[in-house]
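Engineer: Enclosed is the structure file structure26.cif (mmCIF, C-alpha atoms).
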data_input
#
loop_
_atom_site.label_atom_id
_atom_site.label_comp_id
_atom_site.auth_asym_id
_atom_site.auth_seq_id
_atom_site.Cartn_x
_atom_site.Cartn_y
_atom_site.Cartn_z
CA MET A 1260 -18.29 -11.59 34.80
CA ALA A 1261 -18.23 -15.33 34.82
CA ALA A 1262 -21.39 -17.39 34.49
CA LEU A 1263 -22.24 -20.71 36.09
CA ALA A 1264 -22.54 -23.75 33.86
CA ALA A 1265 -25.99 -25.33 33.46
CA THR A 1266 -25.05 -28.37 35.48
CA SER A 1267 -25.35 -29.06 39.16
CA SER A 1268 -22.66 -27.03 40.87
CA SER A 1269 -21.70 -25.11 43.96
CA SER A 1270 -19.54 -22.15 43.10
CA LEU A 1271 -18.62 -18.75 44.44
CA LEU A 1272 -18.61 -15.70 42.23
CA PHE A 1273 -16.51 -12.66 43.10
CA PHE A 1274 -17.79 -9.81 40.98
CA SER A 1275 -15.40 -6.95 40.26
CA PRO A 1276 -16.79 -3.81 38.65
CA PRO A 1277 -14.89 -1.91 35.95
CA SER A 1278 -11.54 -0.76 37.28
CA LYS A 1279 -11.31 2.64 35.66
CA LEU A 1280 -13.44 4.76 37.92
CA PRO A 1281 -12.58 8.30 39.05
CA SER A 1282 -9.77 8.36 41.58
CA THR A 1283 -11.98 10.34 43.94
CA SER A 1284 -14.11 7.27 44.66
CA VAL A 1285 -14.41 6.28 48.29
CA CYS A 1286 -14.44 2.59 49.15
CA PRO A 1287 -17.51 1.67 51.20
CA LEU A 1288 -18.04 -1.50 53.12
CA PRO A 1289 -18.16 -4.39 50.66
CA ARG A 1290 -21.59 -5.49 49.56
CA LEU A 1291 -21.96 -9.14 50.44
CA CYS A 1292 -24.75 -11.19 48.92
CA LEU A 1293 -25.29 -14.90 49.39
CA SER A 1294 -27.84 -16.23 46.95
CA THR A 1295 -29.12 -19.60 45.85
CA SER A 1296 -31.07 -20.69 42.84
CA SER A 1297 -32.35 -23.93 41.44
CA SER A 1298 -34.19 -25.30 38.46
CA SER A 1299 -34.90 -28.66 36.91
CA SER A 1300 -31.61 -28.50 34.99
CA SER A 1301 -29.29 -26.85 37.49
CA SER A 1302 -28.74 -25.81 41.05
CA SER A 1303 -26.11 -23.44 42.37
CA SER A 1304 -25.07 -21.24 45.22
CA SER A 1305 -22.97 -18.15 44.84
CA LEU A 1306 -21.42 -15.40 46.88
CA SER A 1307 -20.75 -12.02 45.36
CA ILE A 1308 -18.41 -9.47 46.85
CA THR A 1309 -18.78 -6.17 45.06
CA PRO A 1310 -16.04 -3.73 46.04
CA SER A 1311 -15.41 -0.25 44.67
CA PHE A 1312 -12.22 -0.11 42.62
CA LEU A 1313 -10.17 3.03 43.09
CA ALA A 1314 -7.11 4.92 41.91
CA TYR A 1315 -3.94 3.77 40.21
CA PRO A 1316 -0.60 5.45 40.94
CA THR A 1317 3.12 4.49 40.83
CA SER A 1318 5.23 1.60 39.63
CA SER A 1319 6.82 -1.20 41.62
CA ARG A 1320 10.36 -1.19 42.98
CA ARG A 1321 13.01 -3.81 42.41
CA TYR A 1322 15.66 -4.86 44.90
CA SER A 1323 18.33 -7.49 45.27
CA ALA A 1324 17.26 -10.80 46.77
CA SER A 1325 20.45 -10.95 48.82
CA SER A 1326 20.49 -7.46 50.31
CA PHE A 1327 18.42 -4.36 50.74
CA THR A 1328 18.79 -0.77 51.90
CA VAL A 1329 16.40 1.09 54.16
CA ARG A 1330 15.39 4.20 52.25
CA ALA A 1331 13.94 7.43 53.56
CA SER A 1332 10.75 7.07 55.57
CA ALA A 1333 7.56 6.44 53.68
CA ALA A 1334 4.95 9.21 53.54
CA GLU A 1335 3.22 7.46 56.43
CA THR A 1336 5.23 4.90 58.35
CA LYS A 1337 3.15 1.82 59.14
CA LYS A 1338 3.58 -0.85 61.78
CA VAL A 1339 3.08 -4.16 60.01
CA LEU A 1340 2.71 -7.67 61.44
CA ILE A 1341 3.36 -10.56 59.06
CA VAL A 1342 1.97 -13.91 60.20
CA ASN A 1343 4.17 -16.25 58.20
CA THR A 1344 3.85 -19.94 57.43
CA ASN A 1345 6.83 -22.19 58.15
CA SER A 1346 6.40 -24.46 55.13
CA GLY A 1347 5.55 -24.55 51.45
CA ALA A 1348 6.18 -22.03 48.70
CA HIS A 1349 4.35 -19.22 50.50
CA ALA A 1350 6.94 -19.04 53.30
CA VAL A 1351 9.23 -16.92 51.16
CA ILE A 1352 6.52 -14.32 50.51
CA GLY A 1353 6.72 -12.99 54.06
CA PHE A 1354 10.50 -12.73 53.84
CA TYR A 1355 10.47 -10.66 50.65
CA PHE A 1356 7.53 -8.57 51.87
CA ALA A 1357 9.34 -7.71 55.11
CA LYS A 1358 12.43 -6.58 53.19
CA GLU A 1359 10.35 -4.50 50.77
CA LEU A 1360 8.46 -2.83 53.63
CA MET A 1361 11.58 -2.04 55.60
CA GLY A 1362 13.23 -0.70 52.48
CA SER A 1363 10.34 1.77 52.33
CA GLY A 1364 10.76 2.80 55.96
CA HIS A 1365 7.98 0.77 57.60
CA GLU A 1366 8.26 -1.10 60.90
CA VAL A 1367 7.98 -4.86 60.57
CA THR A 1368 7.41 -7.80 62.89
CA ILE A 1369 7.35 -11.35 61.51
CA LEU A 1370 5.52 -14.01 63.50
CA THR A 1371 6.57 -17.39 62.12
CA VAL A 1372 4.69 -20.57 62.94
CA GLY A 1373 6.67 -23.00 65.12
CA GLU A 1374 9.79 -22.70 67.25
CA GLU A 1375 12.88 -20.62 66.60
CA GLY A 1376 15.18 -23.54 67.38
CA SER A 1377 13.52 -26.04 65.04
CA ASP A 1378 15.35 -27.61 62.11
CA LYS A 1379 13.07 -25.78 59.67
CA MET A 1380 14.52 -22.46 60.81
CA LYS A 1381 17.96 -23.58 59.65
CA LYS A 1382 16.74 -23.65 56.04
CA PRO A 1383 15.76 -20.92 53.55
CA PRO A 1384 14.14 -18.50 53.82
CA PHE A 1385 14.25 -18.59 57.62
CA ASN A 1386 18.03 -18.75 57.87
CA GLY A 1387 18.03 -15.34 56.21
CA PHE A 1388 15.95 -13.68 58.92
CA SER A 1389 19.13 -12.14 60.32
CA GLU A 1390 18.83 -9.63 57.46
CA ILE A 1391 15.50 -8.50 58.87
CA VAL A 1392 16.79 -8.22 62.44
CA SER A 1393 19.97 -6.39 61.46
CA ALA A 1394 17.86 -3.80 59.66
CA GLY A 1395 15.71 -3.20 62.74
CA GLY A 1396 12.89 -5.65 62.16
CA LYS A 1397 11.56 -8.07 64.76
CA THR A 1398 11.14 -11.82 64.49
CA VAL A 1399 9.02 -13.92 66.83
CA TRP A 1400 7.77 -17.51 66.77
CA GLY A 1401 4.77 -19.42 68.05
CA ASP A 1402 1.20 -20.48 67.37
CA PRO A 1403 -0.73 -17.73 65.52
CA ALA A 1404 -3.77 -18.65 67.64
CA ASP A 1405 -1.84 -17.04 70.52
CA VAL A 1406 -0.86 -13.96 68.54
CA GLY A 1407 -1.96 -11.56 71.29
CA LYS A 1408 0.34 -13.16 73.84
CA ILE A 1409 3.23 -13.50 71.42
CA VAL A 1410 3.33 -9.82 70.41
CA ALA A 1411 2.86 -8.84 74.07
CA GLY A 1412 0.48 -5.97 73.62
CA ALA A 1413 2.16 -4.39 70.59
CA THR A 1414 -0.19 -2.58 68.23
CA PHE A 1415 -0.15 -2.66 64.44
CA ASP A 1416 -1.65 -0.68 61.58
CA VAL A 1417 -1.56 -3.59 59.14
CA VAL A 1418 -1.67 -7.38 59.52
CA LEU A 1419 -0.87 -9.84 56.74
CA ASP A 1420 -1.91 -13.45 57.23
CA ASN A 1421 0.43 -15.49 55.06
CA ASN A 1422 -0.26 -18.74 56.87
CA GLY A 1423 -3.81 -20.01 57.07
CA LYS A 1424 -5.51 -22.03 54.36
CA ASP A 1425 -8.80 -22.39 56.21
CA LEU A 1426 -10.99 -20.35 58.51
CA ASP A 1427 -10.13 -22.31 61.66
CA THR A 1428 -6.51 -21.25 61.25
CA VAL A 1429 -7.08 -17.63 60.23
CA ARG A 1430 -10.03 -16.73 62.46
CA PRO A 1431 -7.97 -16.29 65.69
CA VAL A 1432 -5.61 -13.88 63.90
CA ALA A 1433 -8.42 -11.99 62.19
CA ASP A 1434 -10.48 -11.71 65.37
CA TRP A 1435 -7.46 -10.49 67.34
CA ALA A 1436 -6.66 -7.94 64.64
CA LYS A 1437 -10.24 -6.70 64.64
CA SER A 1438 -10.37 -6.41 68.44
CA THR A 1439 -7.10 -4.46 68.63
CA GLY A 1440 -8.09 -1.88 66.02
CA VAL A 1441 -5.91 -3.00 63.11
CA LYS A 1442 -6.72 -0.65 60.24
CA GLN A 1443 -5.94 -2.93 57.30
CA PHE A 1444 -6.04 -6.73 56.99
CA LEU A 1445 -4.27 -8.47 54.12
CA TYR A 1446 -4.62 -12.15 53.27
CA ILE A 1447 -2.57 -14.43 51.04
CA SER A 1448 -5.11 -16.72 49.38
CA SER A 1449 -4.38 -18.76 46.24
CA ALA A 1450 -5.09 -18.63 42.52
CA GLY A 1451 -5.68 -22.36 42.89
CA ILE A 1452 -9.22 -21.61 44.07
CA TYR A 1453 -10.35 -20.65 40.56
CA LYS A 1454 -12.48 -23.23 38.81
CA PRO A 1455 -11.03 -24.50 35.51
CA THR A 1456 -12.10 -22.32 32.62
CA ASP A 1457 -12.39 -22.64 28.85
CA GLU A 1458 -11.35 -18.99 28.59
CA PRO A 1459 -7.95 -18.52 30.23
CA PRO A 1460 -6.46 -16.53 31.80
CA HIS A 1461 -8.12 -16.37 35.20
CA VAL A 1462 -9.01 -12.79 36.13
CA GLU A 1463 -10.41 -11.28 39.27
CA GLY A 1464 -14.14 -12.01 39.20
CA ASP A 1465 -13.90 -15.53 37.75
CA VAL A 1466 -15.74 -18.38 39.45
CA VAL A 1467 -13.97 -19.98 42.41
CA LYS A 1468 -14.43 -23.33 44.12
CA ALA A 1469 -17.06 -23.01 46.82
CA ASP A 1470 -15.53 -25.71 49.00
CA ALA A 1471 -11.98 -24.34 48.96
CA GLY A 1472 -10.68 -23.42 52.41
CA HIS A 1473 -9.25 -20.13 51.20
CA VAL A 1474 -12.69 -19.08 49.96
CA GLY A 1475 -14.19 -19.35 53.44
CA VAL A 1476 -11.38 -17.17 54.76
CA GLU A 1477 -11.89 -14.57 52.03
CA LYS A 1478 -15.59 -14.34 52.83
CA TYR A 1479 -15.00 -13.97 56.59
CA ILE A 1480 -12.37 -11.25 56.17
CA ALA A 1481 -14.66 -9.28 53.87
CA GLU A 1482 -17.43 -9.51 56.45
CA ILE A 1483 -15.55 -8.28 59.51
CA PHE A 1484 -13.09 -5.69 58.16
CA SER A 1485 -13.90 -2.40 56.47
CA SER A 1486 -10.43 -2.33 54.89
CA TRP A 1487 -9.32 -5.70 53.56
CA THR A 1488 -7.30 -6.89 50.58
CA ILE A 1489 -6.90 -10.41 49.24
CA PHE A 1490 -4.01 -11.68 47.12
CA ARG A 1491 -4.09 -14.82 45.00
CA PRO A 1492 -0.58 -15.97 44.05
CA GLN A 1493 0.29 -18.82 41.73
CA TYR A 1494 3.73 -20.36 41.18
CA MET A 1495 6.80 -18.37 42.23
CA ILE A 1496 10.56 -18.39 42.03
CA GLY A 1497 13.21 -16.53 43.98
CA SER A 1498 16.06 -17.02 46.41
CA GLY A 1499 14.83 -18.70 49.58
CA ASN A 1500 11.90 -20.53 48.03
CA ASN A 1501 11.80 -23.92 49.73
CA LYS A 1502 9.42 -25.61 47.32
CA ASP A 1503 10.80 -27.00 44.07
CA CYS A 1504 9.85 -25.19 40.91
CA GLU A 1505 12.76 -24.49 38.59
CA GLU A 1506 14.91 -26.89 40.63
CA TRP A 1507 12.82 -29.81 39.37
CA PHE A 1508 13.95 -29.04 35.83
CA PHE A 1509 17.55 -28.31 36.80
CA ASP A 1510 17.78 -31.68 38.61
CA ARG A 1511 17.16 -33.51 35.35
CA ILE A 1512 18.93 -31.20 32.94
CA VAL A 1513 22.30 -31.20 34.75
CA ARG A 1514 22.20 -35.00 35.00
CA LYS A 1515 21.49 -35.29 31.27
CA ARG A 1516 18.17 -37.00 31.93
CA PRO A 1517 15.07 -36.58 29.73
CA VAL A 1518 12.52 -34.16 31.19
CA PRO A 1519 9.11 -35.91 31.28
CA ILE A 1520 6.22 -33.48 30.85
CA PRO A 1521 2.59 -34.64 30.99
CA GLY A 1522 0.32 -33.88 28.07
CA SER A 1523 1.36 -31.81 25.07
CA GLY A 1524 3.65 -29.47 26.96
CA MET A 1525 1.75 -26.49 25.56
CA GLN A 1526 -0.24 -25.96 28.75
CA LEU A 1527 0.04 -22.36 29.96
CA THR A 1528 1.07 -21.47 33.48
CA ASN A 1529 2.31 -18.42 35.36
CA ILE A 1530 5.53 -18.08 37.34
CA ALA A 1531 6.33 -14.86 39.19
CA HIS A 1532 9.45 -13.75 41.01
CA CYS A 1533 8.90 -13.18 44.73
CA ARG A 1534 10.00 -9.57 44.41
CA ASP A 1535 6.90 -8.89 42.28
CA LEU A 1536 4.62 -10.37 44.92
CA SER A 1537 6.23 -8.26 47.63
CA SER A 1538 6.04 -5.06 45.58
CA MET A 1539 2.32 -5.61 45.00
CA LEU A 1540 1.74 -6.19 48.71
CA THR A 1541 3.73 -3.09 49.61
CA LEU A 1542 1.71 -0.95 47.23
CA ALA A 1543 -1.43 -2.13 49.02
CA VAL A 1544 0.04 -0.98 52.35
CA GLU A 1545 1.05 2.40 50.95
CA LYS A 1546 -2.21 2.91 49.03
CA PRO A 1547 -4.76 1.51 51.49
CA GLU A 1548 -7.73 3.41 50.07
CA ALA A 1549 -7.08 2.07 46.58
CA ALA A 1550 -6.39 -1.47 47.77
CA SER A 1551 -9.31 -1.65 50.18
CA CYS A 1552 -12.07 -4.16 49.43
CA ASN A 1553 -10.23 -5.59 46.43
CA ILE A 1554 -8.93 -8.96 45.26
CA PHE A 1555 -5.67 -9.09 43.31
CA ASN A 1556 -4.13 -11.91 41.32
CA CYS A 1557 -0.59 -11.78 42.72
CA VAL A 1558 1.13 -13.12 39.61
CA SER A 1559 3.43 -12.24 36.74
CA ASP A 1560 2.04 -10.52 33.67
CA ARG A 1561 3.28 -13.19 31.23
CA ALA A 1562 2.47 -16.85 30.76
CA VAL A 1563 4.90 -19.66 29.94
CA THR A 1564 4.24 -23.10 28.47
CA LEU A 1565 5.43 -26.19 30.34
CA ASP A 1566 7.79 -27.04 27.47
CA GLY A 1567 8.91 -23.42 27.47
CA MET A 1568 9.82 -23.63 31.14
CA ALA A 1569 12.00 -26.67 30.45
CA ARG A 1570 13.77 -24.91 27.59
CA LEU A 1571 14.30 -21.72 29.61
CA CYS A 1572 15.81 -23.72 32.47
CA ALA A 1573 18.14 -25.45 30.02
CA GLU A 1574 19.20 -22.11 28.56
CA ALA A 1575 19.89 -20.79 32.07
CA ALA A 1576 22.08 -23.82 32.76
CA GLY A 1577 23.80 -23.58 29.40
CA LEU A 1578 22.91 -27.19 28.66
CA PRO A 1579 20.75 -29.07 26.11
CA VAL A 1580 17.42 -30.58 27.13
CA GLU A 1581 15.47 -33.60 25.91
CA ILE A 1582 11.73 -33.23 26.51
CA VAL A 1583 9.45 -36.26 26.40
CA HIS A 1584 5.66 -36.18 26.70
CA TYR A 1585 3.42 -38.79 28.26
CA ASP A 1586 -0.16 -39.54 29.25
CA PRO A 1587 -0.30 -39.99 33.05
CA LYS A 1588 -3.31 -42.31 32.86
CA ALA A 1589 -1.69 -44.53 30.24
CA VAL A 1590 1.46 -44.78 32.32
CA GLY A 1591 -0.49 -45.33 35.51
CA ILE A 1592 1.01 -42.55 37.58
CA ASP A 1593 -0.36 -39.53 39.47
CA ALA A 1594 0.77 -36.42 37.60
CA LYS A 1595 0.64 -34.43 40.85
CA LYS A 1596 3.43 -36.59 42.23
CA ALA A 1597 5.40 -36.72 39.01
CA PHE A 1598 5.41 -33.06 37.99
CA PRO A 1599 5.59 -29.74 39.91
CA PHE A 1600 2.88 -27.95 37.90
CA ARG A 1601 -0.74 -28.67 37.11
CA ASN A 1602 -1.37 -30.76 34.02
CA MET A 1603 -3.72 -28.19 32.52
CA HIS A 1604 -3.89 -24.53 31.59
CA PHE A 1605 -3.43 -22.74 34.91
CA TYR A 1606 -2.77 -19.12 34.15
CA ALA A 1607 -3.96 -15.97 35.93
CA GLU A 1608 -3.30 -12.33 35.02
CA PRO A 1609 -2.71 -9.35 37.38
CA ARG A 1610 -5.18 -6.99 35.71
CA ALA A 1611 -6.63 -5.48 38.88
CA ALA A 1612 -3.23 -4.68 40.39
CA LYS A 1613 -2.17 -2.86 37.26
CA ASP A 1614 -5.38 -0.86 36.97
CA ILE A 1615 -5.91 -0.06 40.64
CA LEU A 1616 -2.47 0.03 42.26
CA GLY A 1617 -0.41 1.06 39.27
CA TRP A 1618 1.67 -2.08 39.77
CA ASN A 1619 4.18 -3.22 37.17
CA GLY A 1620 5.84 -6.62 37.13
CA THR A 1621 9.59 -7.14 36.78
CA THR A 1622 9.71 -10.92 36.37
CA ASN A 1623 12.03 -11.86 33.53
CA LEU A 1624 12.21 -15.65 33.45
CA PRO A 1625 15.27 -16.00 31.17
CA GLU A 1626 17.33 -13.74 33.45
CA ASP A 1627 15.78 -14.79 36.74
CA LEU A 1628 16.41 -18.44 35.97
CA LYS A 1629 20.10 -17.74 35.36
CA GLU A 1630 20.28 -16.29 38.88
CA ARG A 1631 18.45 -19.29 40.27
CA PHE A 1632 20.76 -21.72 38.47
CA ASP A 1633 23.82 -19.97 39.91
CA GLU A 1634 22.36 -20.47 43.39
CA TYR A 1635 21.48 -24.08 42.55
CA VAL A 1636 25.12 -24.80 41.73
CA LYS A 1637 26.40 -22.75 44.67
CA ILE A 1638 24.60 -24.95 47.21
CA GLY A 1639 25.86 -28.07 45.45
CA ARG A 1640 22.50 -29.48 44.47
CA ASP A 1641 23.83 -30.31 41.01
CA LYS A 1642 26.15 -32.87 42.65
CA LYS A 1643 23.67 -34.28 45.14
CA PRO A 1644 22.76 -37.99 44.67
CA MET A 1645 19.13 -38.33 43.59
CA GLN A 1646 16.64 -41.04 42.76
CA PHE A 1647 14.15 -40.66 39.89
CA GLU A 1648 11.89 -43.65 40.40
CA ILE A 1649 8.74 -42.09 38.97
CA ASP A 1650 10.67 -40.68 36.02
CA ASP A 1651 12.15 -44.10 35.36
CA LYS A 1652 8.69 -45.66 35.25
CA ILE A 1653 7.52 -43.01 32.78
CA LEU A 1654 10.58 -43.37 30.57
CA GLU A 1655 10.37 -47.16 30.61
CA SER A 1656 6.75 -47.02 29.45
CA LEU A 1657 7.80 -44.75 26.61
CA LYS A 1658 10.78 -46.98 25.80
CA VAL A 1659 13.10 -44.04 26.32
CA PRO A 1660 16.60 -45.06 27.49
CA VAL A 1661 17.17 -44.29 31.17
CA PRO A 1662 20.60 -42.78 31.90
CA VAL A 1663 22.75 -44.77 34.28
#
Could you show the structure in this file as structure tokens?
Structural biologist:
Amino acid sequence: MAALAATSSSSLLFFSPPSKLPSTSVCPLPRLCLSTSSSSSSSSSSLSITPSFLAYPTSSRRYSASSFTVRASAAETKKVLIVNTNSGAHAVIGFYFAKELMGSGHEVTILTVGEEGSDKMKKPPFNGFSEIVSAGGKTVWGDPADVGKIVAGATFDVVLDNNGKDLDTVRPVADWAKSTGVKQFLYISSAGIYKPTDEPPHVEGDVVKADAGHVGVEKYIAEIFSSWTIFRPQYMIGSGNNKDCEEWFFDRIVRKRPVPIPGSGMQLTNIAHCRDLSSMLTLAVEKPEAASCNIFNCVSDRAVTLDGMARLCAEAAGLPVEIVHYDPKAVGIDAKKAFPFRNMHFYAEPRAAKDILGWNGTTNLPEDLKERFDEYVKIGRDKKPMQFEIDDKILESLKVPVPV
């Protein structure tokens, strides 16, 4: 259990009790407690959500990113609505989750933000939605605030909100789900809400940022649903991901450019393949009693250093790599704009999912990156003209020759 520092702060604590309880436990409504305290040396506010952790069965399944087969019906077929964002790294989560669910025999509808005819829908992962439709799934578009009108009276057992980052966005979906008798509500939050810690990795129960939009959503969902589950992903890779991760490294490596990494390069981070996120989500649907009232770090079970990521990408490409390190402040640049990962230890572990759901990760960065590099070359990104203005500024400050 994490403790608050003795300085003025406003933080939320999510307390998770020991995971290994008898499998016969029954999950009650979550106990919510909002408390405040103050003293001459500190002041703080905290929210504790104390769920009952339950059983832990089977292992995860693995499937091809490019195709999938609908297997025999699940023990209990569920009707699942996925409210999916149309931008950012999280967009691909809904795509993989839909394929995993349908592969297990569930019925799936994906509601994607925006319009079907927009330019965004011509890009991954949305241009792969034909796979979902051809396998019997449904795809609809619109404003999630109008979810009731969009699904035209259809009923669902499970709703996943993979779109909203704040309560104003999620509340209409959550309220509609509650009013229509949805049995289970799932929410994609973010591991980015954890406060920096001197004791990595982040685990379920660590202190989170009180002012983070996702935190307000988590609290609201826990208040109105008796069966809710929250997932906190970190960085991810996989076919269809439309936010640069490994591509950032490939762009430089194939052009024989130095790879500028802020700091020492020994910072730890976590990168999971999308199939692992979808398998964890599917286990929650198929084991609702175990998943209910729980928060899961939706991440890989291994860390990687920033330098290590550069070297693994180079190995996948079969090319050498030159890594250079720099101090963003000394160079006068914003590391957030210059580098795709946080310039700090940012590493969470999926302990709760393993203990409670029996989940096992399949992410294998050396192999997964080879697959991603093949796709990188296939779409011709290795030949695409690119500008590296920020890189050039960094390299110039370090007096490192800039390739022509």
Engineer: Pick out the residues sitting within 10 Å of stretch 1352-1358 of chain A, and hand them over as a short mmCIF file (atom, residue, chain, number, x, y, z; two decimals) with C-alpha atoms, in the coordinates of the input; count all atoms listed in the file, and ignore anything fewer than 3 positions along from it in its own chain.
Structural biologist:
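Result file part_37.cif:
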data_model
loop_
_atom_site.label_atom_id
_atom_site.label_comp_id
_atom_site.auth_asym_id
_atom_site.auth_seq_id
_atom_site.Cartn_x
_atom_site.Cartn_y
_atom_site.Cartn_z
CA TYR A 1322 15.66 -4.86 44.90
CA SER A 1323 18.33 -7.49 45.27
CA ALA A 1324 17.26 -10.80 46.77
CA SER A 1326 20.49 -7.46 50.31
CA PHE A 1327 18.42 -4.36 50.74
CA THR A 1328 18.79 -0.77 51.90
CA VAL A 1329 16.40 1.09 54.16
CA VAL A 1339 3.08 -4.16 60.01
CA LEU A 1340 2.71 -7.67 61.44
CA ILE A 1341 3.36 -10.56 59.06
CA VAL A 1342 1.97 -13.91 60.20
CA ASN A 1343 4.17 -16.25 58.20
CA THR A 1344 3.85 -19.94 57.43
CA ALA A 1348 6.18 -22.03 48.70
CA HIS A 1349 4.35 -19.22 50.50
CA MET A 1361 11.58 -2.04 55.60
CA GLY A 1362 13.23 -0.70 52.48
CA SER A 1363 10.34 1.77 52.33
CA GLY A 1364 10.76 2.80 55.96
CA HIS A 1365 7.98 0.77 57.60
CA GLU A 1366 8.26 -1.10 60.90
CA VAL A 1367 7.98 -4.86 60.57
CA THR A 1368 7.41 -7.80 62.89
CA ILE A 1369 7.35 -11.35 61.51
CA LEU A 1370 5.52 -14.01 63.50
CA THR A 1371 6.57 -17.39 62.12
CA PRO A 1383 15.76 -20.92 53.55
CA PRO A 1384 14.14 -18.50 53.82
CA PHE A 1385 14.25 -18.59 57.62
CA GLY A 1387 18.03 -15.34 56.21
CA PHE A 1388 15.95 -13.68 58.92
CA GLU A 1390 18.83 -9.63 57.46
CA ILE A 1391 15.50 -8.50 58.87
CA ALA A 1394 17.86 -3.80 59.66
CA GLY A 1396 12.89 -5.65 62.16
CA LYS A 1397 11.56 -8.07 64.76
CA LEU A 1419 -0.87 -9.84 56.74
CA ASP A 1420 -1.91 -13.45 57.23
CA ASN A 1421 0.43 -15.49 55.06
CA ASN A 1422 -0.26 -18.74 56.87
CA ILE A 1447 -2.57 -14.43 51.04
CA PRO A 1492 -0.58 -15.97 44.05
CA MET A 1495 6.80 -18.37 42.23
CA GLY A 1497 13.21 -16.53 43.98
CA SER A 1498 16.06 -17.02 46.41
CA GLY A 1499 14.83 -18.70 49.58
CA ASN A 1500 11.90 -20.53 48.03
CA HIS A 1532 9.45 -13.75 41.01
CA CYS A 1533 8.90 -13.18 44.73
CA ARG A 1534 10.00 -9.57 44.41
CA ASP A 1535 6.90 -8.89 42.28
CA LEU A 1536 4.62 -10.37 44.92
CA SER A 1537 6.23 -8.26 47.63
CA SER A 1538 6.04 -5.06 45.58
CA MET A 1539 2.32 -5.61 45.00
CA LEU A 1540 1.74 -6.19 48.71
CA THR A 1541 3.73 -3.09 49.61
#
Engineer: Given the point (-10.4, -20.3, 52.1) in the coordinates of this file, which residues lie within 6 Å, counting only C-alpha atoms, and how would they look as a PDB file with C-alpha atoms, keeping the file's coordinate frame?
Structural biologist:
ATOM      1  CA  LYS A1424      -5.510 -22.030  54.360  1.00  0.00           C
ATOM      2  CA  ASP A1425      -8.800 -22.390  56.210  1.00  0.00           C
ATOM      3  CA  ALA A1471     -11.980 -24.340  48.960  1.00  0.00           C
ATOM      4  CA  GLY A1472     -10.680 -23.420  52.410  1.00  0.00           C
ATOM      5  CA  HIS A1473      -9.250 -20.130  51.200  1.00  0.00           C
ATOM      6  CA  VAL A1474     -12.690 -19.080  49.960  1.00  0.00           C
ATOM      7  CA  GLY A1475     -14.190 -19.350  53.440  1.00  0.00           C
ATOM      8  CA  VAL A1476     -11.380 -17.170  54.760  1.00  0.00           C
ATOM      9  CA  GLU A1477     -11.890 -14.570  52.030  1.00  0.00           C
TER      10      GLU A1477
END
Engineer: Please, what distance in Å, to one decimal, runs between atom CA of A:Pro1599 and atom CA of A:Asp1503?
Structural biologist: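 Interatomic distance here is 7.2 Å.
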Engineer: Please indicate the distance in Å from atom CA of A:Ile1512 to atom CA of A:Glu1574, rounded to one decimal place.
Structural biologist: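 Computing it gives 10.1 Å between the two atoms.
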Engineer: Which residues match the PyMOL selection byres ((chain A and resi 1442) around 12) in the file above, as number ranges by chain?
Structural biologist: A: 1337-1340, 1414-1419, 1433, 1436-1441, 1443-1445, 1483-1488, 1544, 1547-1548, 1551
Engineer: How many Å lie between atom CA of A:Tyr1635 and atom CA of A:Asp1651, rounded to one decimal?
Structural biologist: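 These atoms are spaced 23.2 Å apart.
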Engineer: Given the choices A:His1461, A:Arg1511, A:Arg1430, A:Lys1595, which gets closest to A:Arg1491 if the distance is worked out from only C-alpha atoms?
Structural biologist: A:His1461
Engineer: Write out as a list in words which residues come within 10 Å of A:Trp1507 when counting all atoms listed in the file, dropping same-chain ones fewer than 5 positions away.
Structural biologist: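 Skipping anything fewer than 5 positions along the chain leaves Lys1502, Ile1512, Val1518, Ala1569, Cys1572, Phe1598 and Pro1599 of chain A.
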Engineer: Could you list, as a list of chain:residue names, every residue within 9 Å of A:Ile1520, counting all atoms listed in the file and ignoring same-chain residues fewer than 6 positions away?
Structural biologist: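 Contacts, in chain order: A:Leu1565, A:Asp1566, A:Ala1569, A:Ile1582, A:Val1583, A:His1584, A:Tyr1585, A:Asp1586, A:Ala1597, A:Phe1598, A:Asn1602.
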